[in-house]
Amino acid sequence: TQNSLAQLPKTSIQKGNVEEDDIRVLVREDVYAQLDELACSNTRKETGSILLGTPLQPDGKTHVVISAFIEAKYADATASTLTFTHETWNYVHAEQGRLYPNLKIVGWQHTHPGYGVFLSGFDLFIQENFFNLPFQVAYVIDPIRKNRGFFQWKNNKVQKLGGFYL
């Protein structure tokens, strides 16, 4: 991670209650809107993406600035599952190198259309095995219930964040 206050936004809007020892997740407003649009594009099955940005520790606390995403094309999706295939990862890495070479993978996003905001056992497996760096988050959107939430690594397990910033 980098240590630079210059890369943190000067202003932000808090969504929910951020606890003192939570990761500070900051999402660019345009990215937030585009992720909602992707989530609402197909509510018959799960959709997802890989979140890109910059992990920072300007004050000893972990901050994650989410400034882009790459849709998880070629993923196997049903009404209640999303699996990143080899083709998905090949696409993501190619697009990341082409469009966002200076950004890191800071997490993943997927939808639970009509099921609420939680991480299933399979989602936890994905987080624990593919997004297990301390700054990597999971973002779940329920486009039908209009709910969303982030999950973080806290005390060596995955826990829901109370809030985040736009």
# chains A, B, ... in the order shown; residues from 1 in each chain; ligands from 1

$ select_by_dssp --residues "chain A" --states "helix (DSSP H, G or I)" --output "short mmCIF file (atom, residue, chain, number, x, y, z; two decimals) with N, CA and C atoms, in the first residue's frame"
data_model
loop_
_atom_site.label_atom_id
_atom_site.label_comp_id
_atom_site.auth_asym_id
_atom_site.auth_seq_id
_atom_site.Cartn_x
_atom_site.Cartn_y
_atom_site.Cartn_z
N LEU A 5 -1.70 11.13 1.49
CA LEU A 5 -2.98 11.81 1.69
C LEU A 5 -3.46 12.47 0.40
N ALA A 6 -2.55 12.77 -0.52
CA ALA A 6 -2.92 13.46 -1.75
C ALA A 6 -3.86 12.63 -2.61
N GLN A 7 -3.83 11.30 -2.44
CA GLN A 7 -4.67 10.45 -3.28
C GLN A 7 -6.07 10.22 -2.69
N GLU A 29 -18.22 8.41 -7.26
CA GLU A 29 -19.66 8.45 -7.50
C GLU A 29 -20.05 7.88 -8.85
N ASP A 30 -19.27 8.14 -9.90
CA ASP A 30 -19.61 7.61 -11.21
C ASP A 30 -19.48 6.09 -11.23
N VAL A 31 -18.50 5.54 -10.54
CA VAL A 31 -18.33 4.09 -10.45
C VAL A 31 -19.48 3.47 -9.67
N TYR A 32 -19.88 4.10 -8.58
CA TYR A 32 -21.02 3.66 -7.78
C TYR A 32 -22.28 3.57 -8.65
N ALA A 33 -22.54 4.62 -9.44
CA ALA A 33 -23.71 4.65 -10.32
C ALA A 33 -23.61 3.57 -11.40
N GLN A 34 -22.42 3.39 -11.97
CA GLN A 34 -22.24 2.38 -13.02
C GLN A 34 -22.41 0.96 -12.47
N LEU A 35 -21.96 0.73 -11.24
CA LEU A 35 -22.14 -0.60 -10.62
C LEU A 35 -23.63 -0.86 -10.37
N ASP A 36 -24.37 0.17 -9.96
CA ASP A 36 -25.82 0.02 -9.79
C ASP A 36 -26.48 -0.29 -11.13
N GLU A 37 -26.05 0.40 -12.17
CA GLU A 37 -26.61 0.17 -13.51
C GLU A 37 -26.34 -1.27 -13.96
N LEU A 38 -25.12 -1.75 -13.75
CA LEU A 38 -24.79 -3.13 -14.09
C LEU A 38 -25.64 -4.11 -13.27
N ALA A 39 -25.81 -3.82 -11.99
CA ALA A 39 -26.60 -4.69 -11.13
C ALA A 39 -28.06 -4.79 -11.59
N CYS A 40 -28.60 -3.69 -12.09
CA CYS A 40 -30.00 -3.67 -12.53
C CYS A 40 -30.18 -4.17 -13.96
N HIS A 86 -12.02 -19.19 -16.09
CA HIS A 86 -10.69 -18.82 -16.60
C HIS A 86 -10.81 -17.72 -17.65
N GLU A 87 -11.86 -17.80 -18.48
CA GLU A 87 -12.08 -16.78 -19.51
C GLU A 87 -12.36 -15.42 -18.85
N THR A 88 -13.10 -15.43 -17.72
CA THR A 88 -13.36 -14.19 -16.99
C THR A 88 -12.05 -13.57 -16.54
N TRP A 89 -11.20 -14.37 -15.89
CA TRP A 89 -9.94 -13.85 -15.38
C TRP A 89 -9.02 -13.39 -16.51
N ASN A 90 -8.99 -14.11 -17.62
CA ASN A 90 -8.18 -13.68 -18.76
C ASN A 90 -8.64 -12.32 -19.26
N TYR A 91 -9.96 -12.15 -19.37
CA TYR A 91 -10.54 -10.88 -19.82
C TYR A 91 -10.19 -9.76 -18.83
N VAL A 92 -10.40 -10.02 -17.54
CA VAL A 92 -10.13 -9.01 -16.51
C VAL A 92 -8.67 -8.56 -16.55
N HIS A 93 -7.75 -9.51 -16.58
CA HIS A 93 -6.34 -9.14 -16.57
C HIS A 93 -5.93 -8.40 -17.85
N ALA A 94 -6.50 -8.78 -18.98
CA ALA A 94 -6.19 -8.07 -20.24
C ALA A 94 -6.72 -6.64 -20.18
N GLU A 95 -7.96 -6.47 -19.72
CA GLU A 95 -8.55 -5.13 -19.64
C GLU A 95 -7.84 -4.28 -18.59
N GLN A 96 -7.47 -4.88 -17.47
CA GLN A 96 -6.75 -4.14 -16.44
C GLN A 96 -5.42 -3.62 -17.00
N GLY A 97 -4.68 -4.48 -17.68
CA GLY A 97 -3.41 -4.07 -18.26
C GLY A 97 -3.57 -3.01 -19.32
N ARG A 98 -4.65 -3.09 -20.09
CA ARG A 98 -4.88 -2.16 -21.20
C ARG A 98 -5.41 -0.81 -20.71
N LEU A 99 -6.39 -0.84 -19.79
CA LEU A 99 -7.08 0.38 -19.38
C LEU A 99 -6.62 0.97 -18.04
N GLY A 121 -21.85 -19.18 1.67
CA GLY A 121 -20.67 -20.01 1.88
C GLY A 121 -19.76 -19.98 0.67
N PHE A 122 -20.35 -20.02 -0.53
CA PHE A 122 -19.55 -19.96 -1.76
C PHE A 122 -18.89 -18.59 -1.92
N ASP A 123 -19.62 -17.52 -1.58
CA ASP A 123 -19.04 -16.17 -1.64
C ASP A 123 -17.85 -16.05 -0.68
N LEU A 124 -17.99 -16.62 0.51
CA LEU A 124 -16.89 -16.60 1.48
C LEU A 124 -15.69 -17.37 0.94
N PHE A 125 -15.95 -18.49 0.26
CA PHE A 125 -14.86 -19.25 -0.36
C PHE A 125 -14.12 -18.37 -1.36
N ILE A 126 -14.85 -17.64 -2.19
CA ILE A 126 -14.23 -16.75 -3.18
C ILE A 126 -13.42 -15.68 -2.48
N GLN A 127 -13.99 -15.05 -1.44
CA GLN A 127 -13.28 -13.99 -0.73
C GLN A 127 -12.01 -14.54 -0.08
N GLU A 128 -12.12 -15.68 0.57
CA GLU A 128 -10.99 -16.26 1.30
C GLU A 128 -9.87 -16.75 0.39
N ASN A 129 -10.21 -17.18 -0.83
CA ASN A 129 -9.21 -17.78 -1.71
C ASN A 129 -8.70 -16.87 -2.82
N PHE A 130 -9.49 -15.88 -3.22
CA PHE A 130 -9.10 -15.04 -4.35
C PHE A 130 -8.96 -13.56 -4.00
#

$ select_by_dssp --residues "range 50-108 of chain A" --states "strand (DSSP E or B)" --output "list in words"
Ile50, Leu51, Leu52, Gly53, Thr54, Pro55, Leu56, His63, Val64, Val65, Ile66, Ser67, Ala68, Phe69, Ile70, Glu71, Asp76, Ala77, Leu82, Thr83, Lys104, Ile105, Val106, Gly107 and Trp108 of chain A

$ atom_distance --atom1 "CA of Phe84 in chain A" --atom2 "CA of Ile105 in chain A"
14.4 Å

$ residues_around --residues "Tyr165 in chain A" --least-positions-apart "6" --cutoff "7 Å" --atoms "only C-alpha atoms" --output "compact mmCIF listing (two decimals) with all heavy atoms, in the first residue's frame"
# COMPACT_ATOMS: atom_id res chain seq x y z
N SER A 12 -16.28 13.87 0.77
CA SER A 12 -16.98 12.60 0.57
C SER A 12 -18.30 12.63 1.32
O SER A 12 -18.49 13.42 2.24
CB SER A 12 -16.11 11.42 1.04
OG SER A 12 -15.79 11.57 2.41
N ILE A 13 -19.19 11.75 0.90
CA ILE A 13 -20.49 11.58 1.54
C ILE A 13 -20.50 10.23 2.22
O ILE A 13 -20.24 9.21 1.58
CB ILE A 13 -21.62 11.64 0.48
CG1 ILE A 13 -21.59 12.96 -0.28
CG2 ILE A 13 -22.98 11.39 1.12
CD1 ILE A 13 -22.41 12.94 -1.56
N GLN A 14 -20.80 10.21 3.51
CA GLN A 14 -20.82 8.95 4.25
C GLN A 14 -22.16 8.26 4.05
O GLN A 14 -23.21 8.87 4.16
CB GLN A 14 -20.58 9.21 5.73
CG GLN A 14 -20.48 7.94 6.55
CD GLN A 14 -20.04 8.20 7.98
OE1 GLN A 14 -19.31 9.14 8.25
NE2 GLN A 14 -20.50 7.36 8.89
N LYS A 15 -22.11 6.95 3.76
CA LYS A 15 -23.30 6.10 3.65
C LYS A 15 -23.22 5.07 4.77
O LYS A 15 -22.30 4.26 4.81
CB LYS A 15 -23.32 5.37 2.30
CG LYS A 15 -23.40 6.28 1.10
CD LYS A 15 -24.79 6.76 0.92
CE LYS A 15 -24.99 7.35 -0.45
NZ LYS A 15 -26.37 7.75 -0.67
N VAL A 25 -13.73 2.56 2.98
CA VAL A 25 -13.98 2.31 1.56
C VAL A 25 -14.54 3.59 0.96
O VAL A 25 -15.56 4.10 1.43
CB VAL A 25 -14.95 1.13 1.35
CG1 VAL A 25 -15.29 0.97 -0.12
CG2 VAL A 25 -14.36 -0.16 1.90
N LEU A 26 -13.87 4.08 -0.07
CA LEU A 26 -14.30 5.27 -0.79
C LEU A 26 -14.55 4.88 -2.24
O LEU A 26 -13.66 4.35 -2.91
CB LEU A 26 -13.22 6.36 -0.72
CG LEU A 26 -12.85 6.82 0.68
CD1 LEU A 26 -11.59 6.13 1.16
CD2 LEU A 26 -12.69 8.32 0.70
N VAL A 27 -15.76 5.13 -2.73
CA VAL A 27 -16.14 4.76 -4.09
C VAL A 27 -16.41 6.03 -4.88
O VAL A 27 -17.18 6.90 -4.43
CB VAL A 27 -17.41 3.88 -4.10
CG1 VAL A 27 -17.72 3.40 -5.51
CG2 VAL A 27 -17.29 2.71 -3.14

$ closest_residue --among "A:Lys104, A:Lys160, A:Lys10, A:Arg24" --to "Thr54 in chain A" --atoms "only C-alpha atoms"
A:Lys104

$ residues_around --residues "Asp21 in chain A" --least-positions-apart "3" --cutoff "10 Å" --atoms "only C-alpha atoms" --output "MDAnalysis selection string"
chainID A and resid 18 24 61:62 154

$ atom_distance --atom1 "CA of Leu82 in chain A" --atom2 "CA of Pro134 in chain A"
22.7 Å

$ atom_distance --atom1 "CA of His110 in chain A" --atom2 "CA of Phe150 in chain A"
10.7 Å

$ closest_residue --among "A:Lys146, A:Lys45, A:Lys157, A:Arg28" --to "Thr83 in chain A" --atoms "only C-alpha atoms"
A:Lys45

$ closest_residue --among "A:Gly53, A:Phe131, A:Glu20, A:Val117" --to "Gly149 in chain A" --atoms "only C-alpha atoms"
A:Val117

$ closest_residue --among "A:Val65, A:Ala72, A:Ile23, A:Leu133" --to "Glu46 in chain A" --atoms "only C-alpha atoms"
A:Ala72

$ closest_residue --among "A:Gly114, A:Leu52, A:Thr78, A:Lys73" --to "Tyr100 in chain A" --atoms "only C-alpha atoms"
A:Leu52
